[in-house]
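Shown next: final11.csv, containing CSV, C-alpha atoms.
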```csv
chain,number,residue,atom,x,y,z
Y,1,MET,CA,148.0,99.3,149.9
Y,2,GLY,CA,148.1,103.0,150.5
Y,3,GLU,CA,148.6,104.5,153.9
Y,4,MET,CA,145.7,106.5,155.0
Y,5,THR,CA,146.1,109.4,157.3
Y,6,LYS,CA,145.0,108.5,160.8
Y,7,PRO,CA,142.4,110.7,162.5
Y,8,ALA,CA,144.0,113.4,164.6
Y,9,THR,CA,144.9,112.6,168.1
Y,10,HIS,CA,142.6,114.1,170.8
Y,11,VAL,CA,144.1,117.5,171.5
Y,12,ILE,CA,141.8,118.6,174.3
Y,13,GLU,CA,141.0,116.1,177.0
Y,14,ALA,CA,137.9,116.9,179.1
Y,15,GLY,CA,138.5,116.5,182.8
Y,16,PRO,CA,135.8,115.5,185.4
Y,17,ASN,CA,135.8,118.9,187.1
Y,18,GLY,CA,134.8,121.1,184.2
Y,19,PHE,CA,138.4,121.8,183.2
Y,20,ALA,CA,140.0,120.8,179.9
Y,21,THR,CA,143.7,120.2,179.8
Y,22,THR,CA,146.1,120.1,176.9
Y,23,LYS,CA,149.7,120.6,176.0
Y,24,PHE,CA,150.7,124.0,174.6
Y,25,ASN,CA,152.5,122.6,171.6
Y,26,ASP,CA,149.5,120.3,170.8
Y,27,LEU,CA,147.1,123.2,170.9
Y,28,LEU,CA,149.5,125.3,168.8
Y,29,GLY,CA,149.7,122.5,166.2
Y,30,TRP,CA,146.0,122.1,166.2
Y,31,ALA,CA,145.5,125.8,165.6
Y,32,ARG,CA,148.1,125.9,162.8
Y,33,LYS,CA,146.9,122.9,160.9
Y,34,TYR,CA,143.3,124.2,160.6
Y,35,SER,CA,144.3,127.7,159.5
Y,36,LEU,CA,146.5,127.2,156.5
Y,37,PHE,CA,146.8,130.2,154.3
Y,38,GLN,CA,148.0,129.1,151.0
Y,39,TYR,CA,150.0,130.6,148.2
Y,40,PRO,CA,149.4,128.8,144.9
Y,41,PHE,CA,152.6,128.9,142.8
Y,42,VAL,CA,150.8,127.6,139.7
Y,43,THR,CA,152.8,127.1,136.5
Y,44,ALA,CA,151.3,124.4,134.4
Y,45,CYS,CA,148.4,122.0,133.6
Y,46,CYS,CA,148.2,120.6,137.2
Y,47,ALA,CA,146.4,123.9,137.8
Y,48,MET,CA,143.2,122.4,136.4
Y,49,GLU,CA,143.3,119.7,139.1
Y,50,PHE,CA,144.1,122.3,141.7
Y,51,MET,CA,141.1,124.4,140.7
Y,52,SER,CA,139.0,121.3,140.8
Y,53,VAL,CA,140.1,120.4,144.3
Y,54,MET,CA,139.6,124.0,145.5
Y,55,SER,CA,136.1,124.3,144.1
Y,56,PRO,CA,132.9,123.1,145.7
Y,57,ARG,CA,132.9,119.5,144.4
Y,58,PHE,CA,136.0,118.5,146.3
Y,59,ASP,CA,136.2,121.6,148.5
Y,60,LEU,CA,139.6,121.9,150.2
Y,61,ALA,CA,137.9,124.4,152.5
Y,62,ARG,CA,136.5,121.5,154.5
Y,63,PHE,CA,140.0,120.9,155.9
Y,64,GLY,CA,140.7,124.4,157.1
Y,65,ALA,CA,142.7,125.3,154.0
Y,66,GLU,CA,140.4,127.8,152.5
Y,67,ALA,CA,141.9,131.2,151.9
Y,68,PRO,CA,144.4,131.6,149.1
Y,69,ARG,CA,146.7,134.6,149.6
Y,70,PHE,CA,148.3,136.0,146.5
Y,71,THR,CA,151.2,137.3,148.4
Y,72,PRO,CA,153.7,135.0,150.0
Y,73,ARG,CA,154.1,137.3,153.0
Y,74,GLN,CA,150.6,136.5,154.2
Y,75,SER,CA,150.7,132.7,153.6
Y,76,ASP,CA,152.2,129.7,155.3
Y,77,LEU,CA,151.6,126.9,152.8
Y,78,LEU,CA,153.2,127.0,149.4
Y,79,TRP,CA,151.6,124.9,146.7
Y,80,VAL,CA,154.0,124.3,143.8
Y,81,VAL,CA,151.6,123.2,141.1
Y,82,GLY,CA,153.2,122.2,137.8
Y,83,THR,CA,156.6,122.3,136.0
Y,84,VAL,CA,159.2,124.7,137.3
Y,85,SER,CA,161.8,125.6,134.7
Y,86,GLN,CA,165.4,126.5,135.5
Y,87,ARG,CA,164.5,130.1,134.7
Y,88,GLN,CA,161.7,130.1,137.3
Y,89,ALA,CA,163.8,128.5,140.0
Y,90,PRO,CA,165.1,131.8,141.4
Y,91,ILE,CA,161.6,133.2,141.5
Y,92,LEU,CA,160.4,130.1,143.4
Y,93,LYS,CA,163.2,130.4,145.9
Y,94,ARG,CA,162.5,134.1,146.5
Y,95,VAL,CA,158.8,133.4,147.0
Y,96,PHE,CA,159.7,130.8,149.6
Y,97,GLU,CA,162.1,133.1,151.3
Y,98,GLN,CA,159.4,135.8,151.6
Y,99,MET,CA,157.1,133.5,153.6
Y,100,CYS,CA,157.1,133.9,157.3
Y,101,ASP,CA,157.9,130.9,159.6
Y,102,PRO,CA,156.3,128.5,160.2
Y,103,LYS,CA,155.9,127.5,156.5
Y,104,TRP,CA,155.3,124.4,154.6
Y,105,VAL,CA,155.7,123.3,151.0
Y,106,ILE,CA,153.6,120.9,149.0
Y,107,ALA,CA,155.0,119.6,145.6
Y,108,PHE,CA,151.8,119.0,143.6
Y,109,GLY,CA,152.2,116.5,140.8
Y,110,THR,CA,155.0,114.6,139.2
Y,111,CYS,CA,156.7,117.6,137.6
Y,112,ALA,CA,157.0,119.6,140.8
Y,113,SER,CA,158.2,116.5,142.6
Y,114,SER,CA,160.8,115.2,140.2
Y,115,GLY,CA,160.7,117.1,136.9
Y,116,GLY,CA,158.6,114.3,135.5
Y,117,PHE,CA,159.4,113.4,131.9
Y,118,TYR,CA,161.1,116.8,131.3
Y,119,ASP,CA,164.6,115.4,131.7
Y,120,ASN,CA,166.3,118.1,129.8
Y,121,TYR,CA,168.2,121.5,129.8
Y,122,ALA,CA,165.2,123.6,130.6
Y,123,THR,CA,163.5,122.0,133.6
Y,124,LEU,CA,164.2,121.8,137.3
Y,125,ALA,CA,164.3,118.2,138.3
Y,126,GLY,CA,162.1,118.5,141.4
Y,127,ILE,CA,161.6,121.6,143.5
Y,128,ASP,CA,163.4,120.1,146.4
Y,129,LYS,CA,166.6,121.1,144.6
Y,130,VAL,CA,165.7,124.6,145.5
Y,131,VAL,CA,163.2,124.7,148.4
Y,132,PRO,CA,162.6,122.1,151.2
Y,133,VAL,CA,159.4,120.0,150.5
Y,134,ASP,CA,157.1,118.6,153.1
Y,135,ILE,CA,154.6,116.6,151.0
Y,136,TYR,CA,155.1,115.1,147.5
Y,137,ILE,CA,151.8,114.3,145.7
Y,138,PRO,CA,152.5,112.1,142.7
Y,139,GLY,CA,150.3,111.9,139.6
Y,140,CYS,CA,150.1,113.6,136.2
Y,141,PRO,CA,148.0,115.3,137.4
Y,142,PRO,CA,147.1,113.9,140.8
Y,143,ARG,CA,143.5,112.9,141.5
Y,144,PRO,CA,141.7,115.2,143.9
Y,145,GLU,CA,141.6,112.4,146.5
Y,146,GLY,CA,145.4,112.3,146.3
Y,147,VAL,CA,145.6,116.0,146.9
Y,148,MET,CA,143.2,115.7,149.9
Y,149,ASP,CA,145.3,112.8,151.3
Y,150,GLY,CA,148.3,115.0,150.9
Y,151,LEU,CA,146.7,117.9,152.8
Y,152,LEU,CA,145.6,115.5,155.6
Y,153,LEU,CA,149.1,114.1,155.7
Y,154,LEU,CA,150.5,117.6,156.1
Y,155,GLN,CA,148.1,118.4,158.8
Y,156,ASP,CA,149.2,115.3,160.6
Y,157,LYS,CA,152.8,116.4,160.3
Y,158,ILE,CA,152.0,119.8,161.6
Y,159,GLN,CA,150.2,118.3,164.6
Y,160,LYS,CA,153.2,116.2,165.4
Y,161,GLY,CA,155.8,118.8,164.6
Y,162,ASP,CA,157.4,116.5,162.1
Y,163,ARG,CA,159.4,117.9,159.2
Y,164,THR,CA,160.5,114.8,157.3
Y,165,PRO,CA,159.4,114.7,153.7
Y,166,ARG,CA,156.5,112.4,153.0
Y,167,ILE,CA,155.1,111.0,149.8
Y,168,VAL,CA,151.3,110.4,149.3
Y,169,LYS,CA,150.7,106.7,148.6
Y,170,PRO,CA,148.1,105.6,146.1
Y,171,ARG,CA,144.8,104.5,147.8
Y,172,ASN,CA,144.7,101.4,145.6
Y,173,ASP,CA,147.6,99.5,144.4
Y,174,PRO,CA,147.0,98.9,140.7
Y,175,ALA,CA,149.3,95.9,140.7
Y,176,ALA,CA,147.3,94.3,143.5
Y,177,ALA,CA,144.1,94.8,141.5
Y,178,LEU,CA,145.7,93.2,138.5
Y,179,THR,CA,146.8,90.2,140.5
Y,180,GLN,CA,143.3,89.9,141.9
Y,181,LEU,CA,141.8,90.0,138.4
Y,182,ARG,CA,144.1,87.3,137.1
Y,183,THR,CA,143.5,85.0,140.1
Y,184,ALA,CA,139.7,85.4,139.6
Y,185,ARG,CA,140.1,84.6,135.9
Y,186,ASN,CA,142.3,81.6,136.4
Y,187,GLY,CA,140.7,80.1,139.5
K,1,MET,CA,149.6,122.1,94.8
K,2,SER,CA,151.2,122.3,91.5
K,3,LYS,CA,154.8,123.1,91.0
K,4,LYS,CA,153.9,126.5,89.7
K,5,LEU,CA,155.5,128.4,92.5
K,6,LEU,CA,158.7,126.5,92.1
K,7,ASP,CA,158.7,127.2,88.4
K,8,ILE,CA,158.2,130.9,89.0
K,9,LEU,CA,161.1,131.0,91.4
K,10,MET,CA,163.3,129.0,89.1
K,11,ASP,CA,162.5,131.4,86.2
K,12,ARG,CA,163.2,134.5,88.2
K,13,PHE,CA,166.4,133.4,90.1
K,14,GLY,CA,167.9,130.4,88.2
K,15,ALA,CA,169.8,127.4,89.4
K,16,SER,CA,172.6,129.4,91.0
K,17,VAL,CA,170.2,130.7,93.7
K,18,ILE,CA,167.5,128.0,93.8
K,19,LEU,CA,169.9,125.1,94.6
K,20,ASP,CA,167.3,122.4,94.7
K,21,THR,CA,163.5,121.9,94.8
K,22,HIS,CA,161.2,119.1,95.7
K,23,SER,CA,157.5,118.4,96.1
K,24,HIS,CA,156.1,115.9,98.4
K,25,VAL,CA,152.5,115.1,99.0
K,26,GLY,CA,151.5,118.6,97.9
K,27,ASP,CA,154.1,120.5,99.8
K,28,ASP,CA,156.7,122.4,97.7
K,29,THR,CA,160.2,123.1,99.0
K,30,ALA,CA,162.9,125.3,97.6
K,31,ILE,CA,166.5,125.2,98.8
K,32,VAL,CA,167.9,128.7,98.5
K,33,ALA,CA,171.5,130.0,98.5
K,34,PRO,CA,172.0,131.8,101.8
K,35,ALA,CA,173.3,135.0,100.2
K,36,GLN,CA,170.0,135.5,98.4
K,37,TRP,CA,167.8,134.4,101.4
K,38,ARG,CA,166.2,137.8,101.8
K,39,ASP,CA,165.9,138.6,98.1
K,40,VAL,CA,163.9,135.4,97.5
K,41,ALA,CA,161.7,136.2,100.5
K,42,LEU,CA,161.0,139.7,99.2
K,43,PHE,CA,160.2,138.4,95.8
K,44,LEU,CA,157.8,135.9,97.2
K,45,ARG,CA,156.1,138.5,99.2
K,46,ASP,CA,155.7,141.1,96.5
K,47,ASP,CA,155.3,139.2,93.3
K,48,PRO,CA,151.6,139.3,92.3
K,49,ARG,CA,151.7,135.6,91.3
K,50,CYS,CA,153.1,134.6,94.8
K,51,LYS,CA,151.7,137.1,97.3
K,52,MET,CA,153.2,135.3,100.3
K,53,ASN,CA,151.8,137.6,103.0
K,54,MET,CA,152.1,135.3,106.0
K,55,LEU,CA,155.2,133.8,107.6
K,56,ALA,CA,153.7,130.9,109.4
K,57,ASP,CA,156.9,129.5,111.0
K,58,LEU,CA,160.6,129.9,111.0
K,59,CYS,CA,162.9,127.4,112.7
K,60,GLY,CA,166.3,125.8,112.6
K,61,VAL,CA,167.6,122.3,112.0
K,62,ASP,CA,171.0,120.8,113.0
K,63,HIS,CA,172.4,118.3,110.5
K,64,ILE,CA,175.4,117.3,112.5
K,65,GLY,CA,178.2,115.8,110.5
K,66,GLN,CA,177.4,117.6,107.3
K,67,THR,CA,178.7,120.9,105.9
K,68,PRO,CA,177.0,123.3,105.9
K,69,ARG,CA,175.7,122.1,109.2
K,70,LEU,CA,172.8,124.3,110.2
K,71,GLU,CA,169.6,124.9,108.3
K,72,VAL,CA,166.9,127.6,108.5
K,73,VAL,CA,163.4,126.7,107.4
K,74,ALA,CA,160.6,129.2,106.7
K,75,HIS,CA,157.0,128.2,106.0
K,76,LEU,CA,155.2,130.7,103.9
K,77,ASN,CA,151.5,131.1,103.3
K,78,SER,CA,149.5,133.2,100.9
K,79,LEU,CA,146.1,134.0,102.5
K,80,GLU,CA,145.0,135.7,99.3
K,81,LEU,CA,145.9,133.0,96.8
K,82,GLY,CA,145.6,130.1,99.1
K,83,HIS,CA,149.0,128.4,98.5
K,84,ARG,CA,152.0,127.7,100.6
K,85,LEU,CA,155.7,127.1,100.2
K,86,ARG,CA,158.6,126.1,102.3
K,87,ILE,CA,162.0,127.7,101.8
K,88,LYS,CA,165.2,126.4,103.3
K,89,THR,CA,168.8,127.5,103.4
K,90,ARG,CA,172.0,125.8,104.7
K,91,ILE,CA,174.6,127.7,106.6
K,92,GLY,CA,177.5,127.2,109.1
K,93,ASP,CA,180.7,125.2,109.1
K,94,GLU,CA,181.3,121.9,110.9
K,95,ASP,CA,181.6,123.7,114.3
K,96,CYS,CA,178.7,126.0,113.6
K,97,SER,CA,180.9,129.0,113.0
K,98,ASN,CA,179.8,131.5,110.3
K,99,ALA,CA,176.2,130.6,110.9
K,100,VAL,CA,174.9,133.9,109.6
K,101,VAL,CA,172.0,134.6,107.4
K,102,ALA,CA,170.0,137.8,106.6
K,103,SER,CA,167.1,138.5,108.9
K,104,LEU,CA,163.6,138.3,107.5
K,105,VAL,CA,162.2,140.9,109.9
K,106,PRO,CA,162.3,143.7,107.2
K,107,VAL,CA,160.2,141.4,105.0
K,108,TRP,CA,157.7,140.0,107.6
K,109,SER,CA,157.8,141.7,111.0
K,110,GLY,CA,156.4,138.5,112.5
K,111,ALA,CA,159.8,136.9,112.0
K,112,ASP,CA,161.1,138.8,115.1
K,113,TRP,CA,160.4,136.2,117.8
K,114,PHE,CA,160.9,133.2,115.5
K,115,GLU,CA,164.4,134.4,114.7
K,116,ARG,CA,165.2,135.1,118.4
K,117,GLU,CA,164.1,131.6,119.2
K,118,THR,CA,166.2,130.1,116.4
K,119,PHE,CA,169.1,132.1,117.7
K,120,ASP,CA,168.5,130.9,121.2
K,121,MET,CA,168.2,127.2,120.3
K,122,PHE,CA,170.8,126.9,117.5
K,123,GLY,CA,173.0,130.0,117.7
K,124,ILE,CA,172.2,131.1,114.2
K,125,ARG,CA,172.8,134.8,113.8
K,126,PHE,CA,170.3,136.8,111.8
K,127,GLU,CA,171.9,139.9,110.3
K,128,GLY,CA,169.7,142.9,110.4
K,129,HIS,CA,167.5,141.7,113.3
K,130,PRO,CA,166.6,144.7,115.5
K,131,ASP,CA,167.0,142.9,118.9
K,132,LEU,CA,168.7,139.5,118.6
K,133,ARG,CA,169.0,138.1,122.1
K,134,ARG,CA,167.7,135.0,123.9
K,135,ILE,CA,164.0,134.7,124.1
K,136,LEU,CA,163.2,131.5,126.1
K,137,LEU,CA,166.4,130.8,128.0
K,138,TYR,CA,168.3,133.1,130.3
K,139,GLU,CA,171.3,135.2,129.6
K,140,GLU,CA,173.6,133.1,131.8
K,141,PHE,CA,173.0,130.0,129.6
K,142,VAL,CA,176.1,128.8,127.8
K,143,GLY,CA,175.6,127.1,124.4
K,144,HIS,CA,172.6,126.3,122.3
K,145,PRO,CA,170.5,123.3,123.6
K,146,LEU,CA,168.9,122.1,120.3
K,147,ARG,CA,172.3,121.5,118.7
K,148,LYS,CA,172.9,117.8,118.5
K,149,ASP,CA,176.2,118.0,120.4
K,150,TYR,CA,174.6,119.6,123.4
K,151,PRO,CA,174.5,116.9,126.2
K,152,ALA,CA,170.9,115.7,126.5
K,153,ALA,CA,171.0,115.7,130.3
K,154,LYS,CA,173.0,118.8,131.0
K,155,THR,CA,171.4,121.5,133.0
K,156,GLN,CA,172.7,125.0,133.9
K,157,PRO,CA,171.0,125.9,137.2
K,158,LEU,CA,170.6,129.6,138.1
K,159,VAL,CA,170.5,128.9,141.9
K,160,PRO,CA,172.8,126.3,143.5
K,161,TYR,CA,171.0,123.1,144.3
K,162,ARG,CA,170.3,122.2,147.9
K,163,GLU,CA,171.9,119.1,149.4
K,164,GLY,CA,170.8,117.0,152.3
K,165,GLU,CA,168.7,114.1,153.5
K,166,ASP,CA,165.4,115.7,152.4
K,167,VAL,CA,166.4,116.0,148.8
K,168,LEU,CA,165.1,112.9,147.0
K,169,ASP,CA,167.1,111.4,144.2
K,170,LYS,CA,165.4,111.1,140.9
K,171,LEU,CA,164.5,107.4,140.4
K,172,GLU,CA,165.6,105.6,137.3
K,173,PRO,CA,162.4,105.0,135.3
K,174,PHE,CA,163.3,101.4,134.4
K,175,GLY,CA,165.8,98.9,135.6
K,176,ALA,CA,168.5,97.6,133.2
K,177,ASP,CA,166.4,94.4,132.5
K,178,GLU,CA,163.0,96.0,132.0
K,179,GLY,CA,161.3,98.8,130.1
K,180,MET,CA,162.3,100.1,126.7
K,181,SER,CA,165.6,99.4,125.2
K,182,PHE,CA,165.9,102.9,123.8
K,183,GLY,CA,166.1,104.5,127.2
K,184,ARG,CA,168.8,107.1,126.7
K,185,LYS,CA,170.5,106.4,130.0
K,186,HIS,CA,172.5,103.7,128.1
K,187,LEU,CA,173.8,106.1,125.5
K,188,ASP,CA,177.2,107.7,125.7
K,189,TYR,CA,176.2,111.2,124.7
K,190,VAL,CA,174.0,111.6,127.8
K,191,LYS,CA,177.0,111.7,130.0
K,192,GLU,CA,178.0,115.2,130.9
K,193,GLU,CA,181.4,116.6,130.0
K,194,SER,CA,183.2,116.8,133.3
```

Before we go any further, please render this structure as structure tokens.
Amino acid sequence: MGEMTKPATHVIEAGPNGFATTKFNDLLGWARKYSLFQYPFVTACCAMEFMSVMSPRFDLARFGAEAPRFTPRQSDLLWVVGTVSQRQAPILKRVFEQMCDPKWVIAFGTCASSGGFYDNYATLAGIDKVVPVDIYIPGCPPRPEGVMDGLLLLQDKIQKGDRTPRIVKPRNDPAAALTQLRTARNG
Amino acid sequence: MSKKLLDILMDRFGASVILDTHSHVGDDTAIVAPAQWRDVALFLRDDPRCKMNMLADLCGVDHIGQTPRLEVVAHLNSLELGHRLRIKTRIGDEDCSNAVVASLVPVWSGADWFERETFDMFGIRFEGHPDLRRILLYEEFVGHPLRKDYPAAKTQPLVPYREGEDVLDKLEPFGADEGMSFGRKHLDYVKEES
């Protein structure tokens, strides 16, 4: 089964004497994870799902990732949404280099994560060949729930100061559902 | 569609130019000698019985192992008379040298980008084209990827690839004992020339 993001650890502990204590890095991480300014590097059909997840029905703004910035110099979260061709790879690298630290990258969809079924001369086989990736969101395109799981996973990583790449797991394992169905039918 | 257009072509040019014709489920095709490629196109555009005023598509085909090896295909429409025709010509030696044919840009200006794409993908040179350079791929690209002898998995990155623990390997789609037998990982031509 999928791994759900755990609720954020308590950053601020209220003391008995009217003082609240915290650790500086925790507070910094808490502030960073709820003020992500995003740069959408949108190249292909996954954009439809990205629009959907940004708009009121799924509403990414709920998680503190509200404002898209259309210059990389004002943003700290790079969404790579869609297929990146070999010809676009230098552009992607340059966009990433223009962003100020700290910065994070999300590979949105199968093509950005691995090149998908475009296993050919034209397509970059995963953006991690060019820029470091924090979160991989699989799916062609991913469901909005998957995208939200990815964002929560990223916020969790930011809180912990963890930079290892993570992959969003499916919420339901289709194979498990199939096994369940077969068991119910046979028994 | 009747074979009327093919008869008109045959009457005008004869068997030395119209090398072959065939009709299949209503679509007529004429194989043209490469030297008269533009003359045939001009005739088809201007003759009152043809009036081919629209070049719908122009593309290339690689018949590897045959001589001439490359083929140019043009799909023509007449918006006025409501008929269509496909003309083809074969060019190029075994190693794709001498793959030169007259450009159709002077006949239909819409041929411009089609011919650039065909040049990009197959390396067919169009004589008389105003600006024959790559249109989809980049200038640094070596070779022509839709030729059948281009290795299927060969890429030519513009920026050097990163290396390190955080770069995930691409997973094999299927194991050797599962999935579809035509997975091209088993084929020899996938392997890059090293």

Practice item. Check every residue of chain Y for an atom within 12 Å of chain K, counting all atoms listed in the file, and provide those that qualify as a ChimeraX atom specification. Key: /Y:84-94,110-136,163-167

**Study point:** Near-range 42-45 of chain K list (10 Å; only C-alpha atoms; drop same-chain fewer than 4 positions) as a list in words
**Key:** Leu5, Ile8, Leu9, Arg12, Phe13, Gln36, Trp37, Arg38, Arg49, Cys50, Lys51, Met52, Asn53, Met54, Leu55, Leu76, Asn77, Ser78, Leu85, Leu104, Pro106, Val107 and Trp108 of chain K

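Note that CA of Ala47 in chain Y and CA of Gly82 in chain Y are 7.0 Å apart.
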
Check your understanding: Rounded to one decimal in Å, what is the spacing between CA of Thr67 in chain K and CA of Ser16 in chain K?
Key -> 18.2 Å

Review point. Can you tell me, as a PyMOL selection string, which residues sit within 9 Å of (154.0, 121.5, 165.1) in the file's frame, using only C-alpha atoms?
Key: chain Y and resi 25-26+28-30+32-33+102+157-163

Point to revise | Y:Arg185, Y:Lys23, Y:Arg143, Y:Lys103 ranked by distance to Pro72 in chain Y, top pick (using only C-alpha atoms) | key: Y:Lys103

Where atoms are lacking, range 45-68 of chain K completed to N, CA and C atoms, as a short mmCIF file (atom, residue, chain, number, x, y, z; two decimals), in the coordinates of the input:
```
data_model
loop_
_atom_site.label_atom_id
_atom_site.label_comp_id
_atom_site.auth_asym_id
_atom_site.auth_seq_id
_atom_site.Cartn_x
_atom_site.Cartn_y
_atom_site.Cartn_z
N ARG K 45 157.09 137.68 98.61
CA ARG K 45 156.10 138.50 99.20
C ARG K 45 155.40 139.45 98.23
N ASP K 46 156.22 140.02 97.32
CA ASP K 46 155.70 141.10 96.50
C ASP K 46 155.22 140.73 95.13
N ASP K 47 155.68 139.60 94.62
CA ASP K 47 155.30 139.20 93.30
C ASP K 47 153.77 138.92 93.25
N PRO K 48 153.04 139.47 92.28
CA PRO K 48 151.60 139.30 92.30
C PRO K 48 151.16 137.82 92.06
N ARG K 49 152.07 136.97 91.51
CA ARG K 49 151.70 135.60 91.30
C ARG K 49 151.95 134.76 92.64
N CYS K 50 152.73 135.33 93.57
CA CYS K 50 153.10 134.60 94.80
C CYS K 50 152.27 135.15 96.00
N LYS K 51 152.44 136.42 96.28
CA LYS K 51 151.70 137.10 97.30
C LYS K 51 151.77 136.35 98.67
N MET K 52 152.99 135.98 99.07
CA MET K 52 153.20 135.30 100.30
C MET K 52 153.09 136.32 101.47
N ASN K 53 151.89 136.57 101.98
CA ASN K 53 151.80 137.60 103.00
C ASN K 53 151.83 137.13 104.40
N MET K 54 152.12 135.85 104.59
CA MET K 54 152.10 135.30 106.00
C MET K 54 153.34 134.42 106.15
N LEU K 55 154.15 134.73 107.17
CA LEU K 55 155.20 133.80 107.60
C LEU K 55 154.68 132.96 108.69
N ALA K 56 154.39 131.71 108.37
CA ALA K 56 153.70 130.90 109.40
C ALA K 56 154.71 130.37 110.41
N ASP K 57 155.93 130.06 110.01
CA ASP K 57 156.90 129.50 111.00
C ASP K 57 158.29 129.74 110.45
N LEU K 58 159.22 129.85 111.38
CA LEU K 58 160.60 129.90 111.00
C LEU K 58 161.39 129.15 112.07
N CYS K 59 162.21 128.19 111.66
CA CYS K 59 162.90 127.40 112.70
C CYS K 59 164.25 126.94 112.15
N GLY K 60 164.98 126.24 112.98
CA GLY K 60 166.30 125.80 112.60
C GLY K 60 166.37 124.24 112.64
N VAL K 61 167.37 123.70 111.97
CA VAL K 61 167.60 122.30 112.00
C VAL K 61 169.14 122.08 112.11
N ASP K 62 169.56 121.10 112.90
CA ASP K 62 171.00 120.80 113.00
C ASP K 62 171.27 119.48 112.29
N HIS K 63 171.99 119.56 111.16
CA HIS K 63 172.40 118.30 110.50
C HIS K 63 173.84 118.07 110.88
N ILE K 64 174.03 117.45 112.02
CA ILE K 64 175.40 117.30 112.50
C ILE K 64 176.15 116.31 111.63
N GLY K 65 177.43 116.61 111.39
CA GLY K 65 178.20 115.80 110.50
C GLY K 65 178.23 116.19 109.09
N GLN K 66 177.38 117.15 108.72
CA GLN K 66 177.40 117.60 107.30
C GLN K 66 177.87 119.06 107.30
N THR K 67 178.29 119.47 106.13
CA THR K 67 178.70 120.90 105.90
C THR K 67 177.95 121.37 104.70
N PRO K 68 177.26 122.49 104.75
CA PRO K 68 177.00 123.30 105.90
C PRO K 68 176.09 122.59 106.93
#
```
